[in-house]
file start-v4.txt (compact mmCIF, C-alpha atoms)
# COMPACT_ATOMS: atom_id res chain seq x y z
CA MET A 1377 46.63 -55.17 8.79
CA GLU A 1378 49.22 -52.67 9.98
CA GLU A 1379 51.92 -52.28 7.33
CA ALA A 1380 52.89 -53.76 3.96
CA GLU A 1381 55.54 -53.21 1.31
CA ILE A 1382 56.72 -54.55 -2.04
CA THR A 1383 60.45 -55.32 -1.70
CA SER A 1384 61.56 -56.78 -5.04
CA ASN A 1385 63.47 -53.54 -5.79
CA ILE A 1386 65.42 -53.99 -2.53
CA ASP A 1387 66.05 -57.74 -2.65
CA PRO A 1388 65.20 -59.65 -5.87
CA SER A 1389 64.59 -62.85 -3.89
CA ARG A 1390 61.96 -61.24 -1.64
CA ILE A 1391 58.67 -60.11 -3.17
CA GLY A 1392 57.07 -58.37 -0.22
CA TRP A 1393 56.06 -58.43 3.44
CA ILE A 1394 53.11 -57.57 5.65
CA GLN A 1395 52.70 -56.81 9.34
CA VAL A 1396 49.48 -57.99 10.96
CA GLY A 1397 48.19 -57.57 14.50
CA LEU A 1398 46.04 -60.29 16.08
CA ASP A 1399 44.12 -58.08 18.52
CA PHE A 1400 40.44 -57.71 17.73
CA GLY A 1401 37.28 -56.42 19.38
CA ASN A 1402 36.94 -54.31 22.48
CA ILE A 1403 38.96 -54.54 25.66
CA ASP A 1404 37.65 -57.37 27.79
CA PRO A 1405 35.30 -56.14 30.54
CA ASP A 1406 36.76 -55.81 34.00
CA PRO A 1407 36.22 -59.19 35.74
CA TYR A 1408 36.43 -57.47 39.12
CA ARG A 1409 33.78 -54.82 38.49
CA LEU A 1410 32.32 -53.64 41.78
CA PRO A 1411 28.81 -55.11 42.14
CA SER A 1412 25.93 -52.85 43.09
CA ASN A 1413 25.57 -54.64 46.45
CA PRO A 1414 28.99 -56.03 47.48
CA PRO A 1415 28.97 -58.66 50.23
CA THR A 1416 29.81 -57.31 53.66
CA GLY A 1417 33.49 -57.66 54.52
CA TRP A 1418 34.73 -58.02 50.91
CA THR A 1419 36.88 -55.46 49.10
CA TYR A 1420 37.14 -55.35 45.30
CA ALA A 1421 40.15 -54.10 43.38
CA PRO A 1422 39.01 -53.18 39.84
CA LEU A 1423 41.63 -53.38 37.08
CA HIS A 1424 42.62 -50.18 35.34
CA ALA A 1425 41.93 -49.99 31.61
CA HIS A 1426 45.57 -50.49 30.66
CA GLU A 1427 45.64 -53.74 32.69
CA ARG A 1428 42.72 -55.26 30.83
CA ARG A 1429 43.33 -57.36 27.79
CA ARG A 1430 42.01 -57.19 24.27
CA ARG A 1431 40.80 -60.43 22.75
CA VAL A 1432 43.53 -61.99 20.60
CA ALA A 1433 43.14 -64.40 17.68
CA GLU A 1434 45.05 -67.68 17.92
CA PRO A 1435 47.72 -67.73 15.16
CA ALA A 1436 46.91 -71.29 14.08
CA VAL A 1437 43.31 -70.26 13.37
CA VAL A 1438 44.06 -67.22 11.22
CA LEU A 1439 47.29 -68.19 9.45
CA PRO A 1440 45.73 -70.05 6.48
CA ILE A 1441 43.51 -67.04 5.85
CA LEU A 1442 46.34 -64.52 6.21
CA VAL A 1443 48.66 -66.41 3.86
CA GLN A 1444 45.90 -66.65 1.25
CA CYS A 1445 45.17 -62.91 1.55
CA PHE A 1446 48.89 -62.10 1.25
CA ASP A 1447 49.14 -64.16 -1.94
CA ASP A 1448 45.98 -62.57 -3.38
CA ALA A 1449 47.34 -59.09 -2.68
CA LEU A 1450 50.71 -59.82 -4.30
CA ARG A 1451 49.03 -61.09 -7.46
CA ARG A 1452 47.38 -57.71 -7.97
CA PHE A 1453 50.84 -56.40 -8.87
CA GLY A 1454 51.59 -59.05 -11.51
CA VAL A 1455 52.60 -62.66 -12.01
CA VAL A 1456 53.89 -64.22 -8.79
CA ASP A 1457 55.77 -67.47 -8.24
CA LEU A 1458 56.13 -67.98 -4.50
CA SER A 1459 58.67 -70.62 -3.53
CA SER A 1460 58.87 -69.72 0.16
CA ILE A 1461 56.82 -68.01 2.86
CA GLN A 1462 58.26 -66.91 6.20
CA LEU A 1463 56.49 -65.83 9.36
CA THR A 1464 58.02 -63.89 12.25
CA ALA A 1465 55.90 -63.73 15.41
CA HIS A 1466 56.20 -61.31 18.33
CA TYR A 1467 54.71 -61.36 21.83
CA LEU A 1468 52.12 -64.07 21.30
CA ASP A 1469 49.81 -64.84 24.19
CA THR A 1470 49.55 -68.28 25.75
CA MET A 1471 46.23 -69.56 24.46
CA ALA A 1472 44.31 -72.77 23.83
CA GLN A 1473 45.51 -74.79 20.87
CA SER A 1474 43.52 -75.25 17.66
CA ASP A 1475 43.81 -78.93 16.77
CA SER A 1476 40.12 -79.50 16.09
CA HIS A 1477 39.91 -76.48 13.81
CA LEU A 1478 42.88 -77.64 11.72
CA VAL A 1479 41.63 -81.22 11.41
CA GLY A 1480 38.19 -80.04 10.39
CA VAL A 1481 39.42 -78.45 7.15
CA LEU A 1482 41.61 -81.31 5.88
CA ASN A 1483 39.00 -82.57 3.42
CA TRP A 1484 39.47 -79.31 1.50
CA PHE A 1485 42.80 -80.69 0.26
CA ASN A 1486 41.50 -84.05 -0.94
CA THR A 1487 40.40 -82.91 -4.40
CA ASN A 1488 43.67 -83.16 -6.36
CA LEU A 1489 46.13 -85.56 -4.77
CA LYS A 1490 48.24 -85.77 -7.96
CA ALA A 1491 49.49 -82.20 -7.60
CA GLY A 1492 51.70 -82.85 -4.58
CA ALA A 1493 54.77 -80.89 -3.52
CA ASP A 1494 57.70 -81.36 -1.16
CA ALA A 1495 58.91 -78.63 1.17
CA ILE A 1496 61.21 -77.94 4.11
CA VAL A 1497 59.97 -76.29 7.28
CA ALA A 1498 62.76 -74.31 8.93
CA PHE A 1499 62.66 -72.25 12.13
CA ASP A 1500 64.76 -70.71 14.85
CA HIS A 1501 65.16 -72.05 18.37
CA GLY A 1502 62.56 -69.60 19.62
CA LEU A 1503 59.87 -71.95 18.29
CA LEU A 1504 61.37 -75.12 19.74
CA GLY A 1505 61.52 -74.01 23.37
CA GLU A 1506 63.11 -76.85 25.33
CA GLN A 1507 62.25 -79.59 22.83
CA ASP A 1508 64.35 -80.74 19.91
CA VAL A 1509 63.32 -81.20 16.29
CA SER A 1510 62.85 -84.97 16.55
CA GLU A 1511 60.34 -84.48 19.38
CA LEU A 1512 58.45 -81.95 17.30
CA VAL A 1513 58.32 -84.33 14.33
CA ALA A 1514 57.18 -87.23 16.51
CA THR A 1515 54.30 -85.16 17.84
CA LEU A 1516 53.34 -84.00 14.35
CA GLN A 1517 53.25 -87.59 13.14
CA ARG A 1518 50.90 -88.61 15.95
CA ARG A 1519 48.32 -86.04 14.86
CA ILE A 1520 45.74 -86.40 12.09
CA THR A 1521 47.34 -84.67 9.11
CA GLU A 1522 46.45 -86.64 5.95
CA PRO A 1523 46.84 -85.73 3.11
CA PHE A 1524 49.84 -83.82 4.57
CA GLU A 1525 52.84 -85.91 5.67
CA PHE A 1526 55.49 -84.76 8.17
CA GLY A 1527 59.02 -86.09 8.50
CA PRO A 1528 61.74 -87.02 8.55
CA VAL A 1529 64.02 -84.55 10.31
CA ILE A 1530 66.25 -83.01 7.66
CA ALA A 1531 69.35 -80.82 7.51
CA VAL A 1532 68.29 -77.38 6.26
CA PRO A 1533 70.42 -75.92 3.45
CA GLU A 1534 71.73 -72.45 4.23
CA GLN A 1535 69.58 -70.81 1.54
CA HIS A 1536 66.42 -72.29 3.10
CA MET A 1537 67.10 -71.24 6.70
CA VAL A 1538 65.03 -68.51 8.32
CA ASN A 1539 66.33 -65.00 7.86
CA VAL A 1540 64.80 -62.16 9.87
CA PRO A 1541 64.77 -59.09 7.59
CA ALA A 1542 65.54 -55.49 8.49
CA GLU A 1543 61.83 -54.71 8.86
CA MET A 1544 61.87 -56.65 12.15
CA PRO A 1545 64.36 -54.59 14.22
CA TYR A 1546 62.83 -55.57 17.57
CA HIS A 1547 62.87 -59.32 17.02
CA PRO A 1548 65.24 -60.92 19.54
CA ILE A 1549 68.33 -62.56 18.08
CA VAL A 1550 67.68 -66.30 18.32
CA PRO A 1551 69.95 -69.00 16.84
CA LYS A 1552 68.67 -70.65 13.70
CA SER A 1553 68.04 -74.37 13.79
CA ASP A 1554 70.14 -76.23 11.23
CA LEU A 1555 67.60 -79.06 11.39
CA GLY A 1556 64.08 -78.78 10.00
CA VAL A 1557 61.10 -80.89 8.98
CA PHE A 1558 60.55 -82.43 5.56
CA VAL A 1559 56.90 -82.21 4.60
CA THR A 1560 54.79 -83.45 1.70
CA LEU A 1561 51.83 -81.26 0.72
CA PRO A 1562 48.89 -82.35 -1.43
CA GLU A 1563 49.30 -79.08 -3.38
CA TRP A 1564 51.53 -76.00 -3.40
CA THR A 1565 48.95 -73.34 -2.70
CA PRO A 1566 48.71 -70.49 -0.16
CA SER A 1567 46.04 -72.32 1.82
CA ALA A 1568 48.18 -75.47 2.03
CA VAL A 1569 51.26 -73.50 3.11
CA GLY A 1570 49.15 -71.63 5.67
CA TRP A 1571 47.90 -74.96 7.02
CA ILE A 1572 51.48 -76.25 7.40
CA LEU A 1573 52.55 -73.11 9.26
CA ALA A 1574 49.49 -73.31 11.50
CA ARG A 1575 49.98 -77.01 12.31
CA VAL A 1576 53.68 -76.72 13.19
CA ILE A 1577 53.13 -73.64 15.34
CA ASP A 1578 50.13 -75.21 17.04
CA VAL A 1579 52.05 -78.36 17.97
CA ALA A 1580 55.15 -76.48 19.09
CA ARG A 1581 53.13 -74.17 21.33
CA ALA A 1582 51.18 -77.07 22.79
CA ASP A 1583 54.42 -78.51 24.15
CA ALA A 1584 55.90 -75.11 25.03
CA PRO A 1585 53.01 -72.69 25.70
CA ASP A 1586 55.37 -69.88 26.67
CA VAL A 1587 56.73 -69.72 23.11
CA SER A 1588 55.91 -66.18 21.98
CA ASN A 1589 58.72 -64.97 19.67
CA PHE A 1590 59.93 -67.06 16.75
CA THR A 1591 60.50 -67.26 13.01
CA ILE A 1592 59.35 -70.13 10.79
CA ARG A 1593 59.68 -70.65 7.04
CA VAL A 1594 58.25 -73.07 4.46
CA THR A 1595 60.25 -73.53 1.24
CA ARG A 1596 59.26 -75.66 -1.71
CA VAL A 1597 61.99 -78.05 -2.88
CA ARG A 1598 59.97 -80.04 -5.47

call {"tool": "encode", "arguments": {"input": "start-v4.txt", "output": "structure tokens"}}
result
Amino acid sequence: MEEAEITSNIDPSRIGWIQVGLDFGNIDPDPYRLPSNPPTGWTYAPLHAHERRRRVAEPAVVLPILVQCFDDALRRFGVVDLSSIQLTAHYLDTMAQSDSHLVGVLNWFNTNLKAGADAIVAFDHGLLGEQDVSELVATLQRRITEPFEFGPVIAVPEQHMVNVPAEMPYHPIVPKSDLGVFVTLPEWTPSAVGWILARVIDVARADAPDVSNFTIRVTRVR
């Protein structure tokens, strides 16, 4: 966790925000470390420390946890009624996708199927890459997602579109998509919203692994 702020005194419709880094652990060891007895005729070029990479958590793995922690932290300040959660990502690495991890936790949401909710997933074109929204929805529908349901493609009302706030001055200006994804959740909880964010990002990055800067938002409509 890097920064956080309560913002209801600045914008009544926004409760707060957090900034989280995904780096963890030590810098990866130099893969080109000079061996004690190098083979004759070979020359090694060790990487400098600044060229080595720290290990980075995959967003789809940590998002459900981060959203839950954000909600828990907000509730320490009083009664909270979250109708929307937005994520803005910067400089993500190209990494393996997390489909098996997301499928493995679905049974967690099978305890109260009568408490469902409808929501709209909106995003900017930074998430889509070269694909369109219908392709994204088709891929989502081919995955195992029950008790979550994705689709159809839906026109996003202006008030539900993504909106990059002033706290993100270095986020590149990317056109908003006026089309989004209608989604049915088994419950309106932080863990369920985190799962939706993780699934959509995971699928989008699987088809466009160079996607590294984007904004995505989930808004409850029922």

call {"tool": "residues_around", "arguments": {"input": "start-v4.txt", "residues": "Ser1459 (chain A)", "least_positions_apart": "4", "cutoff": "9 Å", "atoms": "all atoms listed in the file", "output": "list of chain:residue names"}}
result
A:Trp1564, A:Val1594, A:Thr1595, A:Arg1596, A:Val1597

call {"tool": "axis_aligned_box", "arguments": {"input": "start-v4.txt", "around": "region 1523-1537 of chain A", "padding_each_side": "6 Å", "output": "JSON"}}
result
{"center_x": 59.3, "center_y": -78.9, "center_z": 5.9, "size_x": 36.9, "size_y": 28.2, "size_z": 20.8}

call {"tool": "closest_residue", "arguments": {"input": "start-v4.txt", "among": "A:Pro1523, A:Pro1541, A:Pro1548, A:Pro1435", "to": "Val1576 (chain A)", "atoms": "all atoms listed in the file"}}
result
A:Pro1435

call {"tool": "residues_around", "arguments": {"input": "start-v4.txt", "residues": "region 1492-1508 of chain A", "least_positions_apart": "2", "cutoff": "9 Å", "atoms": "only C-alpha atoms", "output": "MDAnalysis selection string"}}
result
chainID A and resid 1460 1488:1490 1510:1513 1530 1532 1536:1538 1550:1564 1572:1573 1576:1577 1580:1581 1583:1598

call {"tool": "residues_around", "arguments": {"input": "start-v4.txt", "residues": "Arg1451 (chain A)", "least_positions_apart": "6", "cutoff": "12 Å", "atoms": "all atoms listed in the file", "output": "VMD selection string"}}
result
chain A and resid 1382 1391 to 1392 1444 to 1445 1457 to 1458 1566

call {"tool": "closest_residue", "arguments": {"input": "start-v4.txt", "among": "A:Thr1521, A:Ala1514, A:Pro1528, A:Ser1389", "to": "Val1456 (chain A)", "atoms": "only C-alpha atoms"}}
result
A:Ser1389

call {"tool": "atom_distance", "arguments": {"input": "start-v4.txt", "atom1": "CA of Trp1393 (chain A)", "atom2": "CA of Val1540 (chain A)"}}
result
11.5 Å

call {"tool": "atom_distance", "arguments": {"input": "start-v4.txt", "atom1": "CA of Asn1385 (chain A)", "atom2": "CA of Gly1570 (chain A)"}}
result
25.8 Å

call {"tool": "atom_distance", "arguments": {"input": "start-v4.txt", "atom1": "CA of Pro1440 (chain A)", "atom2": "CA of Trp1571 (chain A)"}}
result
5.4 Å

call {"tool": "residues_around", "arguments": {"input": "start-v4.txt", "residues": "Val1438 (chain A)", "least_positions_apart": "4", "cutoff": "12 Å", "atoms": "all atoms listed in the file", "output": "ChimeraX atom specification"}}
result
/A:1396-1399,1432-1434,1442-1445,1474,1477-1478,1567,1570-1571,1573-1575,1577-1578

call {"tool": "residues_around", "arguments": {"input": "start-v4.txt", "residues": "Ile1520 (chain A)", "least_positions_apart": "5", "cutoff": "12 Å", "atoms": "all atoms listed in the file", "output": "ChimeraX atom specification"}}
result
/A:1475-1483,1515,1525-1526,1575,1579

call {"tool": "decode", "arguments": {"input": "start-v4.txt", "residues": "region 1470-1534 of chain A", "atoms": "C-alpha atoms", "output": "short mmCIF file (atom, residue, chain, number, x, y, z; two decimals), in the first residue's frame"}}
result
data_model
loop_
_atom_site.label_atom_id
_atom_site.label_comp_id
_atom_site.auth_asym_id
_atom_site.auth_seq_id
_atom_site.Cartn_x
_atom_site.Cartn_y
_atom_site.Cartn_z
CA THR A 1470 2.94 -9.16 -19.37
CA MET A 1471 2.42 -12.25 -17.24
CA ALA A 1472 0.69 -15.62 -17.23
CA GLN A 1473 -3.07 -15.48 -16.83
CA SER A 1474 -4.92 -16.69 -13.73
CA ASP A 1475 -7.90 -18.66 -15.01
CA SER A 1476 -7.43 -21.68 -12.74
CA HIS A 1477 -7.12 -19.50 -9.65
CA LEU A 1478 -10.36 -17.65 -10.42
CA VAL A 1479 -12.32 -20.81 -11.19
CA GLY A 1480 -11.11 -22.47 -8.01
CA VAL A 1481 -12.86 -19.96 -5.74
CA LEU A 1482 -16.28 -19.91 -7.43
CA ASN A 1483 -17.87 -22.24 -4.89
CA TRP A 1484 -17.41 -19.47 -2.30
CA PHE A 1485 -20.30 -17.63 -3.96
CA ASN A 1486 -22.75 -20.53 -3.99
CA THR A 1487 -24.10 -20.02 -0.47
CA ASN A 1488 -26.80 -17.39 -1.08
CA LEU A 1489 -28.02 -17.35 -4.66
CA LYS A 1490 -31.15 -15.34 -3.76
CA ALA A 1491 -29.15 -12.18 -3.03
CA GLY A 1492 -28.19 -11.48 -6.63
CA ALA A 1493 -27.32 -8.11 -8.16
CA ASP A 1494 -26.98 -6.63 -11.64
CA ALA A 1495 -24.09 -4.39 -12.63
CA ILE A 1496 -22.40 -2.75 -15.60
CA VAL A 1497 -18.71 -3.19 -16.31
CA ALA A 1498 -17.32 -0.12 -18.07
CA PHE A 1499 -13.76 0.55 -19.24
CA ASP A 1500 -11.64 2.62 -21.55
CA HIS A 1501 -10.11 1.45 -24.82
CA GLY A 1502 -6.81 0.83 -23.07
CA LEU A 1503 -8.23 -2.44 -21.75
CA LEU A 1504 -9.68 -3.60 -25.07
CA GLY A 1505 -6.48 -3.42 -27.12
CA GLU A 1506 -7.40 -4.37 -30.68
CA GLN A 1507 -10.54 -6.33 -29.77
CA ASP A 1508 -14.06 -4.97 -29.48
CA VAL A 1509 -16.53 -5.40 -26.64
CA SER A 1510 -18.49 -8.19 -28.33
CA GLU A 1511 -15.30 -10.27 -28.63
CA LEU A 1512 -14.55 -9.70 -24.96
CA VAL A 1513 -18.07 -10.80 -23.97
CA ALA A 1514 -17.90 -13.88 -26.18
CA THR A 1515 -14.67 -14.96 -24.51
CA LEU A 1516 -16.09 -14.32 -21.04
CA GLN A 1517 -19.11 -16.46 -21.85
CA ARG A 1518 -16.92 -19.37 -22.94
CA ARG A 1519 -15.20 -19.48 -19.54
CA ILE A 1520 -16.47 -21.16 -16.38
CA THR A 1521 -18.09 -18.32 -14.42
CA GLU A 1522 -21.21 -19.68 -12.68
CA PRO A 1523 -22.80 -18.31 -10.53
CA PHE A 1524 -21.66 -15.11 -12.31
CA GLU A 1525 -23.21 -14.38 -15.72
CA PHE A 1526 -21.69 -12.10 -18.37
CA GLY A 1527 -23.51 -10.36 -21.19
CA PRO A 1528 -25.01 -8.93 -23.18
CA VAL A 1529 -23.06 -5.95 -24.51
CA ILE A 1530 -24.78 -2.83 -23.22
CA ALA A 1531 -24.64 0.93 -23.83
CA VAL A 1532 -23.04 2.54 -20.77
CA PRO A 1533 -24.89 5.57 -19.35
CA GLU A 1534 -22.68 8.62 -19.00
#
